[in-house]
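Text of the file entry.pdb, holding PDB, C-alpha atoms:
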MODEL        1
ATOM      1  CA  ASN P   1       0.000   0.000   0.000  1.00  0.00           C
ATOM      2  CA  ALA P   2       2.735   2.409  -0.968  1.00  0.00           C
ATOM      3  CA  GLY P   3       1.614   5.993  -0.630  1.00  0.00           C
ATOM      4  CA  VAL P   4      -1.121   5.627   1.999  1.00  0.00           C
ATOM      5  CA  THR P   5      -0.138   4.983   5.607  1.00  0.00           C
ATOM      6  CA  GLN P   6      -2.683   4.208   8.301  1.00  0.00           C
ATOM      7  CA  THR P   7      -1.988   4.069  12.016  1.00  0.00           C
ATOM      8  CA  PRO P   8      -2.548   2.151  14.168  1.00  0.00           C
ATOM      9  CA  LYS P   9      -2.983  -1.204  12.439  1.00  0.00           C
ATOM     10  CA  PHE P  10      -4.846  -2.766  15.371  1.00  0.00           C
ATOM     11  CA  GLN P  11      -6.664  -1.266  18.343  1.00  0.00           C
ATOM     12  CA  VAL P  12      -8.888  -2.503  21.137  1.00  0.00           C
ATOM     13  CA  LEU P  13     -11.025   0.090  22.907  1.00  0.00           C
ATOM     14  CA  LYS P  14     -13.429  -0.049  25.779  1.00  0.00           C
ATOM     15  CA  THR P  15     -16.922   1.322  25.254  1.00  0.00           C
ATOM     16  CA  GLY P  16     -16.898   5.083  25.755  1.00  0.00           C
ATOM     17  CA  GLN P  17     -13.216   5.589  25.063  1.00  0.00           C
ATOM     18  CA  SER P  18     -12.066   7.925  22.321  1.00  0.00           C
ATOM     19  CA  MET P  19      -9.391   7.537  19.695  1.00  0.00           C
ATOM     20  CA  THR P  20      -8.137   9.004  16.444  1.00  0.00           C
ATOM     21  CA  LEU P  21      -7.260   6.984  13.377  1.00  0.00           C
ATOM     22  CA  GLN P  22      -4.540   8.571  11.297  1.00  0.00           C
ATOM     23  CA  CYS P  23      -4.096   8.531   7.536  1.00  0.00           C
ATOM     24  CA  ALA P  24      -1.206  10.098   5.651  1.00  0.00           C
ATOM     25  CA  GLN P  25      -0.396  10.041   1.935  1.00  0.00           C
ATOM     26  CA  ASP P  26       2.690  10.918  -0.044  1.00  0.00           C
ATOM     27  CA  MET P  27       1.155  10.845  -3.525  1.00  0.00           C
ATOM     28  CA  ASN P  28       0.105  14.514  -3.535  1.00  0.00           C
ATOM     29  CA  HIS P  29      -3.520  13.512  -4.215  1.00  0.00           C
ATOM     30  CA  ASN P  30      -6.336  15.932  -3.527  1.00  0.00           C
ATOM     31  CA  SER P  31      -9.131  13.664  -2.321  1.00  0.00           C
ATOM     32  CA  MET P  32      -9.165  11.443   0.756  1.00  0.00           C
ATOM     33  CA  TYR P  33     -11.815   9.090   2.096  1.00  0.00           C
ATOM     34  CA  TRP P  34     -12.652   7.001   5.141  1.00  0.00           C
ATOM     35  CA  TYR P  35     -14.552   3.731   4.695  1.00  0.00           C
ATOM     36  CA  ARG P  36     -15.527   1.010   7.111  1.00  0.00           C
ATOM     37  CA  GLN P  37     -15.860  -2.619   6.125  1.00  0.00           C
ATOM     38  CA  ASP P  38     -18.055  -5.055   7.997  1.00  0.00           C
ATOM     39  CA  PRO P  39     -18.824  -8.693   7.140  1.00  0.00           C
ATOM     40  CA  GLY P  40     -21.793  -8.854   4.781  1.00  0.00           C
ATOM     41  CA  MET P  41     -22.002  -5.057   4.517  1.00  0.00           C
ATOM     42  CA  GLY P  42     -19.245  -4.228   2.088  1.00  0.00           C
ATOM     43  CA  LEU P  43     -17.355  -0.939   2.145  1.00  0.00           C
ATOM     44  CA  ARG P  44     -19.370   2.003   3.407  1.00  0.00           C
ATOM     45  CA  LEU P  45     -18.263   5.624   3.188  1.00  0.00           C
ATOM     46  CA  ILE P  46     -17.993   7.464   6.501  1.00  0.00           C
ATOM     47  CA  TYR P  47     -16.557  10.863   5.517  1.00  0.00           C
ATOM     48  CA  TYR P  48     -14.531  12.276   2.686  1.00  0.00           C
ATOM     49  CA  SER P  49     -12.482  15.317   1.783  1.00  0.00           C
ATOM     50  CA  ALA P  50     -12.577  16.306  -1.867  1.00  0.00           C
ATOM     51  CA  SER P  51      -9.737  18.754  -1.364  1.00  0.00           C
ATOM     52  CA  GLU P  52      -7.752  20.395   1.420  1.00  0.00           C
ATOM     53  CA  GLY P  53     -10.059  22.470   3.606  1.00  0.00           C
ATOM     54  CA  THR P  54     -13.280  20.598   2.791  1.00  0.00           C
ATOM     55  CA  THR P  55     -14.993  17.631   4.388  1.00  0.00           C
ATOM     56  CA  ASP P  56     -18.347  15.975   3.704  1.00  0.00           C
ATOM     57  CA  LYS P  57     -20.465  13.268   5.238  1.00  0.00           C
ATOM     58  CA  GLY P  58     -20.819   9.905   3.607  1.00  0.00           C
ATOM     59  CA  GLU P  59     -23.311   7.110   4.120  1.00  0.00           C
ATOM     60  CA  VAL P  60     -22.552   6.324   7.792  1.00  0.00           C
ATOM     61  CA  PRO P  61     -21.126   9.442   9.537  1.00  0.00           C
ATOM     62  CA  ASN P  62     -22.853   9.141  12.935  1.00  0.00           C
ATOM     63  CA  GLY P  63     -20.404   8.723  15.806  1.00  0.00           C
ATOM     64  CA  TYR P  64     -17.415   9.998  13.842  1.00  0.00           C
ATOM     65  CA  ASN P  65     -15.644  13.272  13.165  1.00  0.00           C
ATOM     66  CA  VAL P  66     -12.881  14.042  10.712  1.00  0.00           C
ATOM     67  CA  SER P  67     -10.112  16.579  10.229  1.00  0.00           C
ATOM     68  CA  ARG P  68      -8.265  17.335   6.998  1.00  0.00           C
ATOM     69  CA  LEU P  69      -5.151  18.623   8.698  1.00  0.00           C
ATOM     70  CA  ASN P  70      -3.332  19.467   5.481  1.00  0.00           C
ATOM     71  CA  LYS P  71      -3.086  18.001   2.001  1.00  0.00           C
ATOM     72  CA  ARG P  72      -1.275  14.905   3.290  1.00  0.00           C
ATOM     73  CA  GLU P  73      -3.278  14.001   6.369  1.00  0.00           C
ATOM     74  CA  PHE P  74      -6.904  13.068   7.052  1.00  0.00           C
ATOM     75  CA  SER P  75      -7.853  11.786  10.504  1.00  0.00           C
ATOM     76  CA  LEU P  76     -10.967  10.016  11.768  1.00  0.00           C
ATOM     77  CA  ARG P  77     -12.027  10.458  15.391  1.00  0.00           C
ATOM     78  CA  LEU P  78     -14.323   8.326  17.496  1.00  0.00           C
ATOM     79  CA  GLU P  79     -15.386  10.494  20.442  1.00  0.00           C
ATOM     80  CA  SER P  80     -17.167   7.779  22.434  1.00  0.00           C
ATOM     81  CA  ALA P  81     -16.609   4.339  20.978  1.00  0.00           C
ATOM     82  CA  ALA P  82     -19.472   1.849  20.804  1.00  0.00           C
ATOM     83  CA  PRO P  83     -19.391  -1.908  20.048  1.00  0.00           C
ATOM     84  CA  SER P  84     -21.222  -1.139  16.781  1.00  0.00           C
ATOM     85  CA  GLN P  85     -18.062   0.654  15.645  1.00  0.00           C
ATOM     86  CA  THR P  86     -16.080  -2.573  15.697  1.00  0.00           C
ATOM     87  CA  SER P  87     -14.909  -2.782  12.112  1.00  0.00           C
ATOM     88  CA  VAL P  88     -12.012  -2.527   9.706  1.00  0.00           C
ATOM     89  CA  TYR P  89     -11.385   1.070   8.716  1.00  0.00           C
ATOM     90  CA  PHE P  90      -9.773   1.950   5.409  1.00  0.00           C
ATOM     91  CA  CYS P  91      -8.419   5.265   4.271  1.00  0.00           C
ATOM     92  CA  ALA P  92      -8.344   5.816   0.513  1.00  0.00           C
ATOM     93  CA  ILE P  93      -7.063   8.535  -1.791  1.00  0.00           C
ATOM     94  CA  SER P  94      -7.716   9.644  -5.345  1.00  0.00           C
ATOM     95  CA  ALA P  95      -6.104  12.219  -7.572  1.00  0.00           C
ATOM     96  CA  GLY P  96      -9.326  14.217  -7.639  1.00  0.00           C
ATOM     97  CA  PRO P  97     -13.075  14.080  -6.992  1.00  0.00           C
ATOM     98  CA  GLY P  98     -13.902  13.510 -10.650  1.00  0.00           C
ATOM     99  CA  ALA P  99     -15.458  10.329 -11.923  1.00  0.00           C
ATOM    100  CA  ASN P 100     -12.446   8.900 -13.725  1.00  0.00           C
ATOM    101  CA  TYR P 101     -10.265   8.586 -10.659  1.00  0.00           C
ATOM    102  CA  GLY P 102      -9.974   5.253  -8.916  1.00  0.00           C
ATOM    103  CA  TYR P 103      -8.855   4.915  -5.330  1.00  0.00           C
ATOM    104  CA  THR P 104      -5.708   3.679  -3.632  1.00  0.00           C
ATOM    105  CA  PHE P 105      -6.305   2.173  -0.213  1.00  0.00           C
ATOM    106  CA  GLY P 106      -4.241   2.068   2.922  1.00  0.00           C
ATOM    107  CA  SER P 107      -3.652  -1.217   4.728  1.00  0.00           C
ATOM    108  CA  GLY P 108      -6.462  -0.652   7.202  1.00  0.00           C
ATOM    109  CA  THR P 109      -7.030  -0.331  10.944  1.00  0.00           C
ATOM    110  CA  ARG P 110      -8.727  -3.224  12.683  1.00  0.00           C
ATOM    111  CA  LEU P 111     -10.712  -1.802  15.594  1.00  0.00           C
ATOM    112  CA  THR P 112     -12.469  -3.801  18.290  1.00  0.00           C
ATOM    113  CA  VAL P 113     -14.700  -2.071  20.823  1.00  0.00           C
ATOM    114  CA  VAL P 114     -15.512  -4.163  23.901  1.00  0.00           C
TER     115      VAL P 114
ATOM    116  CA  GLN E   1     -29.737   5.583  -2.419  1.00  0.00           C
ATOM    117  CA  LYS E   2     -27.236   4.428  -5.017  1.00  0.00           C
ATOM    118  CA  GLU E   3     -26.877   0.679  -5.010  1.00  0.00           C
ATOM    119  CA  VAL E   4     -24.394  -1.760  -6.456  1.00  0.00           C
ATOM    120  CA  GLU E   5     -25.410  -5.396  -6.408  1.00  0.00           C
ATOM    121  CA  GLN E   6     -23.200  -8.456  -6.635  1.00  0.00           C
ATOM    122  CA  ASN E   7     -23.763 -12.133  -6.028  1.00  0.00           C
ATOM    123  CA  SER E   8     -21.917 -12.900  -2.796  1.00  0.00           C
ATOM    124  CA  GLY E   9     -20.824 -16.342  -3.950  1.00  0.00           C
ATOM    125  CA  PRO E  10     -18.764 -18.292  -3.336  1.00  0.00           C
ATOM    126  CA  LEU E  11     -18.110 -18.832  -7.011  1.00  0.00           C
ATOM    127  CA  SER E  12     -16.000 -21.937  -7.471  1.00  0.00           C
ATOM    128  CA  VAL E  13     -14.168 -22.590 -10.744  1.00  0.00           C
ATOM    129  CA  PRO E  14     -11.500 -25.144 -11.645  1.00  0.00           C
ATOM    130  CA  GLU E  15      -7.984 -23.999 -12.394  1.00  0.00           C
ATOM    131  CA  GLY E  16      -7.637 -22.910 -16.023  1.00  0.00           C
ATOM    132  CA  ALA E  17     -11.325 -22.095 -16.458  1.00  0.00           C
ATOM    133  CA  ILE E  18     -12.944 -18.714 -17.075  1.00  0.00           C
ATOM    134  CA  ALA E  19     -14.412 -17.008 -14.023  1.00  0.00           C
ATOM    135  CA  SER E  20     -17.295 -14.619 -14.703  1.00  0.00           C
ATOM    136  CA  LEU E  21     -18.213 -12.024 -12.085  1.00  0.00           C
ATOM    137  CA  ASN E  22     -21.256  -9.801 -12.459  1.00  0.00           C
ATOM    138  CA  CYS E  23     -22.464  -6.494 -11.056  1.00  0.00           C
ATOM    139  CA  THR E  24     -25.531  -4.309 -11.522  1.00  0.00           C
ATOM    140  CA  TYR E  25     -25.969  -0.712 -10.431  1.00  0.00           C
ATOM    141  CA  SER E  26     -28.947   1.530  -9.836  1.00  0.00           C
ATOM    142  CA  ASP E  27     -27.737   5.037 -10.714  1.00  0.00           C
ATOM    143  CA  ARG E  28     -28.042   5.736 -14.448  1.00  0.00           C
ATOM    144  CA  GLY E  29     -25.805   8.785 -13.980  1.00  0.00           C
ATOM    145  CA  SER E  30     -22.825   6.603 -13.094  1.00  0.00           C
ATOM    146  CA  GLN E  31     -19.818   7.350 -15.244  1.00  0.00           C
ATOM    147  CA  SER E  32     -16.955   5.157 -14.100  1.00  0.00           C
ATOM    148  CA  PHE E  33     -16.754   1.529 -13.123  1.00  0.00           C
ATOM    149  CA  PHE E  34     -14.025  -0.271 -11.252  1.00  0.00           C
ATOM    150  CA  TRP E  35     -13.117  -3.770 -10.161  1.00  0.00           C
ATOM    151  CA  TYR E  36     -11.100  -4.291  -6.998  1.00  0.00           C
ATOM    152  CA  ARG E  37      -9.569  -7.515  -5.726  1.00  0.00           C
ATOM    153  CA  GLN E  38      -9.334  -8.081  -1.981  1.00  0.00           C
ATOM    154  CA  TYR E  39      -7.441 -10.961  -0.430  1.00  0.00           C
ATOM    155  CA  SER E  40      -8.504 -12.063   3.023  1.00  0.00           C
ATOM    156  CA  GLY E  41      -7.207  -9.665   5.667  1.00  0.00           C
ATOM    157  CA  LYS E  42      -5.835  -7.250   3.080  1.00  0.00           C
ATOM    158  CA  SER E  43      -6.990  -3.975   1.559  1.00  0.00           C
ATOM    159  CA  PRO E  44      -8.748  -3.638  -1.824  1.00  0.00           C
ATOM    160  CA  GLU E  45      -6.496  -3.405  -4.867  1.00  0.00           C
ATOM    161  CA  LEU E  46      -7.632  -1.797  -8.126  1.00  0.00           C
ATOM    162  CA  ILE E  47      -7.387  -4.246 -11.036  1.00  0.00           C
ATOM    163  CA  MET E  48      -9.614  -2.804 -13.787  1.00  0.00           C
ATOM    164  CA  SER E  49     -11.440   0.382 -14.695  1.00  0.00           C
ATOM    165  CA  ILE E  50     -13.884   0.948 -17.553  1.00  0.00           C
ATOM    166  CA  TYR E  51     -15.668   4.098 -18.649  1.00  0.00           C
ATOM    167  CA  SER E  52     -17.443   3.348 -21.944  1.00  0.00           C
ATOM    168  CA  ASN E  53     -19.653   0.592 -23.268  1.00  0.00           C
ATOM    169  CA  GLY E  54     -17.931  -2.504 -24.542  1.00  0.00           C
ATOM    170  CA  ASP E  55     -14.965  -4.586 -23.500  1.00  0.00           C
ATOM    171  CA  LYS E  56     -11.622  -3.634 -22.020  1.00  0.00           C
ATOM    172  CA  GLU E  57      -8.861  -6.219 -21.787  1.00  0.00           C
ATOM    173  CA  ASP E  58      -5.787  -6.248 -19.566  1.00  0.00           C
ATOM    174  CA  GLY E  59      -3.849  -9.484 -19.522  1.00  0.00           C
ATOM    175  CA  ARG E  60      -6.104 -12.262 -18.260  1.00  0.00           C
ATOM    176  CA  PHE E  61      -8.772  -9.780 -17.189  1.00  0.00           C
ATOM    177  CA  THR E  62     -11.605  -8.401 -19.320  1.00  0.00           C
ATOM    178  CA  ALA E  63     -14.094  -5.852 -18.052  1.00  0.00           C
ATOM    179  CA  GLN E  64     -17.414  -5.485 -19.848  1.00  0.00           C
ATOM    180  CA  LEU E  65     -19.827  -2.566 -19.542  1.00  0.00           C
ATOM    181  CA  ASN E  66     -23.403  -2.215 -20.746  1.00  0.00           C
ATOM    182  CA  LYS E  67     -24.809   1.119 -19.565  1.00  0.00           C
ATOM    183  CA  ALA E  68     -28.242   0.505 -21.094  1.00  0.00           C
ATOM    184  CA  SER E  69     -28.614  -2.612 -18.934  1.00  0.00           C
ATOM    185  CA  GLN E  70     -26.702  -1.044 -16.003  1.00  0.00           C
ATOM    186  CA  TYR E  71     -24.458  -4.070 -15.952  1.00  0.00           C
ATOM    187  CA  VAL E  72     -20.730  -4.545 -15.456  1.00  0.00           C
ATOM    188  CA  SER E  73     -18.828  -7.799 -15.544  1.00  0.00           C
ATOM    189  CA  LEU E  74     -15.312  -9.076 -15.043  1.00  0.00           C
ATOM    190  CA  LEU E  75     -13.954 -12.135 -16.820  1.00  0.00           C
ATOM    191  CA  ILE E  76     -10.818 -13.858 -15.582  1.00  0.00           C
ATOM    192  CA  ARG E  77      -9.336 -16.225 -18.149  1.00  0.00           C
ATOM    193  CA  ASP E  78      -7.067 -19.146 -17.250  1.00  0.00           C
ATOM    194  CA  SER E  79      -8.034 -18.795 -13.585  1.00  0.00           C
ATOM    195  CA  GLN E  80      -5.280 -19.578 -11.090  1.00  0.00           C
ATOM    196  CA  PRO E  81      -5.488 -20.503  -7.391  1.00  0.00           C
ATOM    197  CA  SER E  82      -3.836 -17.120  -6.713  1.00  0.00           C
ATOM    198  CA  ASP E  83      -6.978 -15.464  -8.138  1.00  0.00           C
ATOM    199  CA  SER E  84      -8.948 -16.758  -5.138  1.00  0.00           C
ATOM    200  CA  ALA E  85     -10.145 -13.575  -3.442  1.00  0.00           C
ATOM    201  CA  THR E  86     -13.171 -11.350  -3.041  1.00  0.00           C
ATOM    202  CA  TYR E  87     -13.884  -9.114  -6.043  1.00  0.00           C
ATOM    203  CA  LEU E  88     -15.526  -5.772  -5.412  1.00  0.00           C
ATOM    204  CA  CYS E  89     -17.431  -3.832  -8.043  1.00  0.00           C
ATOM    205  CA  ALA E  90     -17.408  -0.052  -7.547  1.00  0.00           C
ATOM    206  CA  VAL E  91     -19.284   2.682  -9.362  1.00  0.00           C
ATOM    207  CA  ARG E  92     -19.125   6.447  -9.319  1.00  0.00           C
ATOM    208  CA  GLY E  93     -20.337   9.611 -10.954  1.00  0.00           C
ATOM    209  CA  ASN E  94     -19.200  12.931  -9.485  1.00  0.00           C
ATOM    210  CA  THR E  95     -19.643  11.499  -6.007  1.00  0.00           C
ATOM    211  CA  PRO E  96     -17.454   9.060  -4.084  1.00  0.00           C
ATOM    212  CA  LEU E  97     -17.225   5.430  -5.070  1.00  0.00           C
ATOM    213  CA  VAL E  98     -20.090   3.168  -4.103  1.00  0.00           C
ATOM    214  CA  PHE E  99     -19.049  -0.442  -3.605  1.00  0.00           C
ATOM    215  CA  GLY E 100     -20.904  -3.686  -3.957  1.00  0.00           C
ATOM    216  CA  LYS E 101     -20.576  -6.234  -1.172  1.00  0.00           C
ATOM    217  CA  GLY E 102     -18.251  -8.368  -3.269  1.00  0.00           C
ATOM    218  CA  THR E 103     -18.187 -11.824  -4.790  1.00  0.00           C
ATOM    219  CA  ARG E 104     -15.931 -14.437  -3.267  1.00  0.00           C
ATOM    220  CA  LEU E 105     -14.082 -16.437  -5.913  1.00  0.00           C
ATOM    221  CA  SER E 106     -12.466 -19.773  -5.215  1.00  0.00           C
ATOM    222  CA  VAL E 107     -10.236 -21.330  -7.872  1.00  0.00           C
ATOM    223  CA  ILE E 108      -9.811 -25.043  -7.280  1.00  0.00           C
ATOM    224  CA  ALA E 109      -6.472 -26.627  -8.261  1.00  0.00           C
TER     225      ALA E 109
ENDMDL
END
Structure translated into structure tokens:
Amino acid sequence: NAGVTQTPKFQVLKTGQSMTLQCAQDMNHNSMYWYRQDPGMGLRLIYYSASEGTTDKGEVPNGYNVSRLNKREFSLRLESAAPSQTSVYFCAISAGPGANYGYTFGSGTRLTVV
Amino acid sequence: QKEVEQNSGPLSVPEGAIASLNCTYSDRGSQSFFWYRQYSGKSPELIMSIYSNGDKEDGRFTAQLNKASQYVSLLIRDSQPSDSATYLCAVRGNTPLVFGKGTRLSVIA
């Protein structure tokens, strides 16, 4: 997954704890995305940032906040973790918001909330 | 709600055969279509993109698009055990990618 770095790779949280998932890219791409992947549910968009300084909600934004810190970094914050947020979280990037751009994914963060 | 539908599988094919994976989508405004491969425990990897009706070939992979029928397919020729993975169909217009739930392919040696 050259170009997109996610940290941490694994995390276990207790219900109610907070944490921030980090995503950084070195491909100078404009658009960044956060997806979650659950068994039987596929990849679902949480939030995205079409360009530096903008963020928008996706399909499942409740319980999350995001920050586009600069062009390279896009973080996802869980303020009060719930067991329903147990999932694999993927950060993805694309060269732009236009239709012809595919995504490059990071290696993922596997989060368990107990 | 934009939807992308795939048969979840598993689709089992013998080594050397052609694997055919199918996808339908609901949004007629969709402009770009992608196939991702995801090995167990790994992240999705882009393997094919297609933007216009017809066929697009890349090595053993052929993507087919029929916008009138809102149908996308991926053919894998000479299937190998290393092709065993989940294949995700993804569709977009000027909004972020919408993914199907994936089809699990198993290539039997």
May I ask you to extract the residues of chain P within 10 Å of chain E, using all atoms listed in the file, and to give them as an MDAnalysis selection string?
chainID P and resid 1 31:33 37:45 47:50 58:59 88:92 94 97:108 110
From E:Val4, E:Val13, E:Leu21, E:Cys89, residue lying nearest Ala109 of chain E [only C-alpha atoms]
E:Val13
Given the PyMOL selection byres ((chain E and resi 76-81) around 7), the residues it picks as an MDAnalysis selection string
chainID E and resid 15:20 60:62 74:75 82:84 107:109
Where does the PyMOL selection byres ((chain P and resi 113) around 9) land in this file, that is, which residues does it pick, as a ChimeraX atom specification?
/P:11-17,81-87,111-112,114
With the PyMOL selection byres ((chain P and resi 24) around 12) as the selection, what would be picked from this file? Answer as a CSV table (one decimal) with C-alpha atoms, keeping the file's coordinate frame, please.
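Contents of part07.csv, as written:
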chain,number,residue,atom,x,y,z
P,1,ASN,CA,0.0,0.0,0.0
P,2,ALA,CA,2.7,2.4,-1.0
P,3,GLY,CA,1.6,6.0,-0.6
P,4,VAL,CA,-1.1,5.6,2.0
P,5,THR,CA,-0.1,5.0,5.6
P,6,GLN,CA,-2.7,4.2,8.3
P,7,THR,CA,-2.0,4.1,12.0
P,8,PRO,CA,-2.5,2.2,14.2
P,21,LEU,CA,-7.3,7.0,13.4
P,22,GLN,CA,-4.5,8.6,11.3
P,23,CYS,CA,-4.1,8.5,7.5
P,25,GLN,CA,-0.4,10.0,1.9
P,26,ASP,CA,2.7,10.9,0.0
P,27,MET,CA,1.2,10.8,-3.5
P,28,ASN,CA,0.1,14.5,-3.5
P,29,HIS,CA,-3.5,13.5,-4.2
P,31,SER,CA,-9.1,13.7,-2.3
P,32,MET,CA,-9.2,11.4,0.8
P,33,TYR,CA,-11.8,9.1,2.1
P,34,TRP,CA,-12.7,7.0,5.1
P,67,SER,CA,-10.1,16.6,10.2
P,68,ARG,CA,-8.3,17.3,7.0
P,69,LEU,CA,-5.2,18.6,8.7
P,70,ASN,CA,-3.3,19.5,5.5
P,71,LYS,CA,-3.1,18.0,2.0
P,72,ARG,CA,-1.3,14.9,3.3
P,73,GLU,CA,-3.3,14.0,6.4
P,74,PHE,CA,-6.9,13.1,7.1
P,75,SER,CA,-7.9,11.8,10.5
P,76,LEU,CA,-11.0,10.0,11.8
P,90,PHE,CA,-9.8,2.0,5.4
P,91,CYS,CA,-8.4,5.3,4.3
P,92,ALA,CA,-8.3,5.8,0.5
P,93,ILE,CA,-7.1,8.5,-1.8
P,105,PHE,CA,-6.3,2.2,-0.2
P,106,GLY,CA,-4.2,2.1,2.9
P,107,SER,CA,-3.7,-1.2,4.7
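Between Ser18 of chain P and the residues P:Thr109, P:Thr54, P:Asn65, P:Ser80, the shortest atom-to-atom distance, using all atoms listed in the file, involves P:Ser80.
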Using all atoms listed in the file, which residues sit within 7 Å of segment 66-69 of chain E once same-chain residues fewer than 3 positions away are excluded, as a list in words?
Asn53, Gly54 and Val72 of chain E
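Taking atom CA of Asp55 of chain E and atom CA of Tyr71 of chain E as the two end points, the separation is 12.1 Å.
A straight line drawn from atom CA of Asp56 of chain P to atom CA of Glu3 of chain E is 19.6 Å long.
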Quick one: residues within 6 Å of Ser73 of chain E, all atoms listed in the file, excluding same-chain residues fewer than 3 positions away - as a list in words?
Leu21, Asn22, Cys23, Ala63 and Gln64 of chain E
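Counting from atom CA of Leu11 of chain E, the distance to atom CA of Arg36 of chain P is 24.5 Å.
Using all atoms listed in the file for every distance, the candidate list E:Pro14, E:Gly29, E:Thr24, E:Gly9 yields E:Thr24 as the residue closest to Gln70 of chain E.
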How would segment 92-113 of chain P look with N, CA and C atoms restored, written as a CSV table (one decimal), in the frame of the given file?
chain,number,residue,atom,x,y,z
P,92,ALA,N,-8.6,5.9,1.9
P,92,ALA,CA,-8.3,5.8,0.5
P,92,ALA,C,-8.1,7.2,0.0
P,93,ILE,N,-7.4,7.3,-1.1
P,93,ILE,CA,-7.1,8.5,-1.8
P,93,ILE,C,-7.4,8.4,-3.3
P,94,SER,N,-7.6,9.6,-3.9
P,94,SER,CA,-7.7,9.6,-5.3
P,94,SER,C,-7.2,11.0,-5.8
P,95,ALA,N,-6.8,11.0,-7.1
P,95,ALA,CA,-6.1,12.2,-7.6
P,95,ALA,C,-7.1,13.4,-7.6
P,96,GLY,N,-8.4,13.1,-7.7
P,96,GLY,CA,-9.3,14.2,-7.6
P,96,GLY,C,-10.7,13.7,-7.4
P,97,PRO,N,-11.7,14.5,-7.2
P,97,PRO,CA,-13.1,14.1,-7.0
P,97,PRO,C,-13.8,13.6,-8.3
P,98,GLY,N,-13.2,13.8,-9.4
P,98,GLY,CA,-13.9,13.5,-10.6
P,98,GLY,C,-14.1,12.0,-10.8
P,99,ALA,N,-15.0,11.7,-11.8
P,99,ALA,CA,-15.5,10.3,-11.9
P,99,ALA,C,-14.4,9.4,-12.4
P,100,ASN,N,-13.4,9.8,-13.1
P,100,ASN,CA,-12.4,8.9,-13.7
P,100,ASN,C,-11.3,8.4,-12.8
P,101,TYR,N,-11.4,8.9,-11.6
P,101,TYR,CA,-10.3,8.6,-10.7
P,101,TYR,C,-10.6,7.4,-9.8
P,102,GLY,N,-9.8,6.4,-9.8
P,102,GLY,CA,-10.0,5.3,-8.9
P,102,GLY,C,-9.3,5.6,-7.6
P,103,TYR,N,-9.4,4.7,-6.7
P,103,TYR,CA,-8.9,4.9,-5.3
P,103,TYR,C,-7.7,4.0,-5.1
P,104,THR,N,-6.8,4.5,-4.2
P,104,THR,CA,-5.7,3.7,-3.6
P,104,THR,C,-6.0,3.6,-2.1
P,105,PHE,N,-6.0,2.4,-1.6
P,105,PHE,CA,-6.3,2.2,-0.2
P,105,PHE,C,-5.1,2.0,0.7
P,106,GLY,N,-5.2,2.4,1.9
P,106,GLY,CA,-4.2,2.1,2.9
P,106,GLY,C,-4.5,0.6,3.4
P,107,SER,N,-3.6,0.2,4.3
P,107,SER,CA,-3.7,-1.2,4.7
P,107,SER,C,-4.7,-1.5,5.8
P,108,GLY,N,-5.3,-0.5,6.3
P,108,GLY,CA,-6.5,-0.7,7.2
P,108,GLY,C,-6.1,-0.6,8.7
P,109,THR,N,-7.1,-0.3,9.5
P,109,THR,CA,-7.0,-0.3,10.9
P,109,THR,C,-8.1,-1.3,11.4
P,110,ARG,N,-7.7,-2.3,12.2
P,110,ARG,CA,-8.7,-3.2,12.7
P,110,ARG,C,-9.1,-2.8,14.1
P,111,LEU,N,-10.3,-2.3,14.3
P,111,LEU,CA,-10.7,-1.8,15.6
P,111,LEU,C,-11.7,-2.7,16.2
P,112,THR,N,-11.5,-3.0,17.5
P,112,THR,CA,-12.5,-3.8,18.3
P,112,THR,C,-12.9,-3.0,19.5
P,113,VAL,N,-14.2,-2.8,19.7
P,113,VAL,CA,-14.7,-2.1,20.8
P,113,VAL,C,-15.4,-3.1,21.7
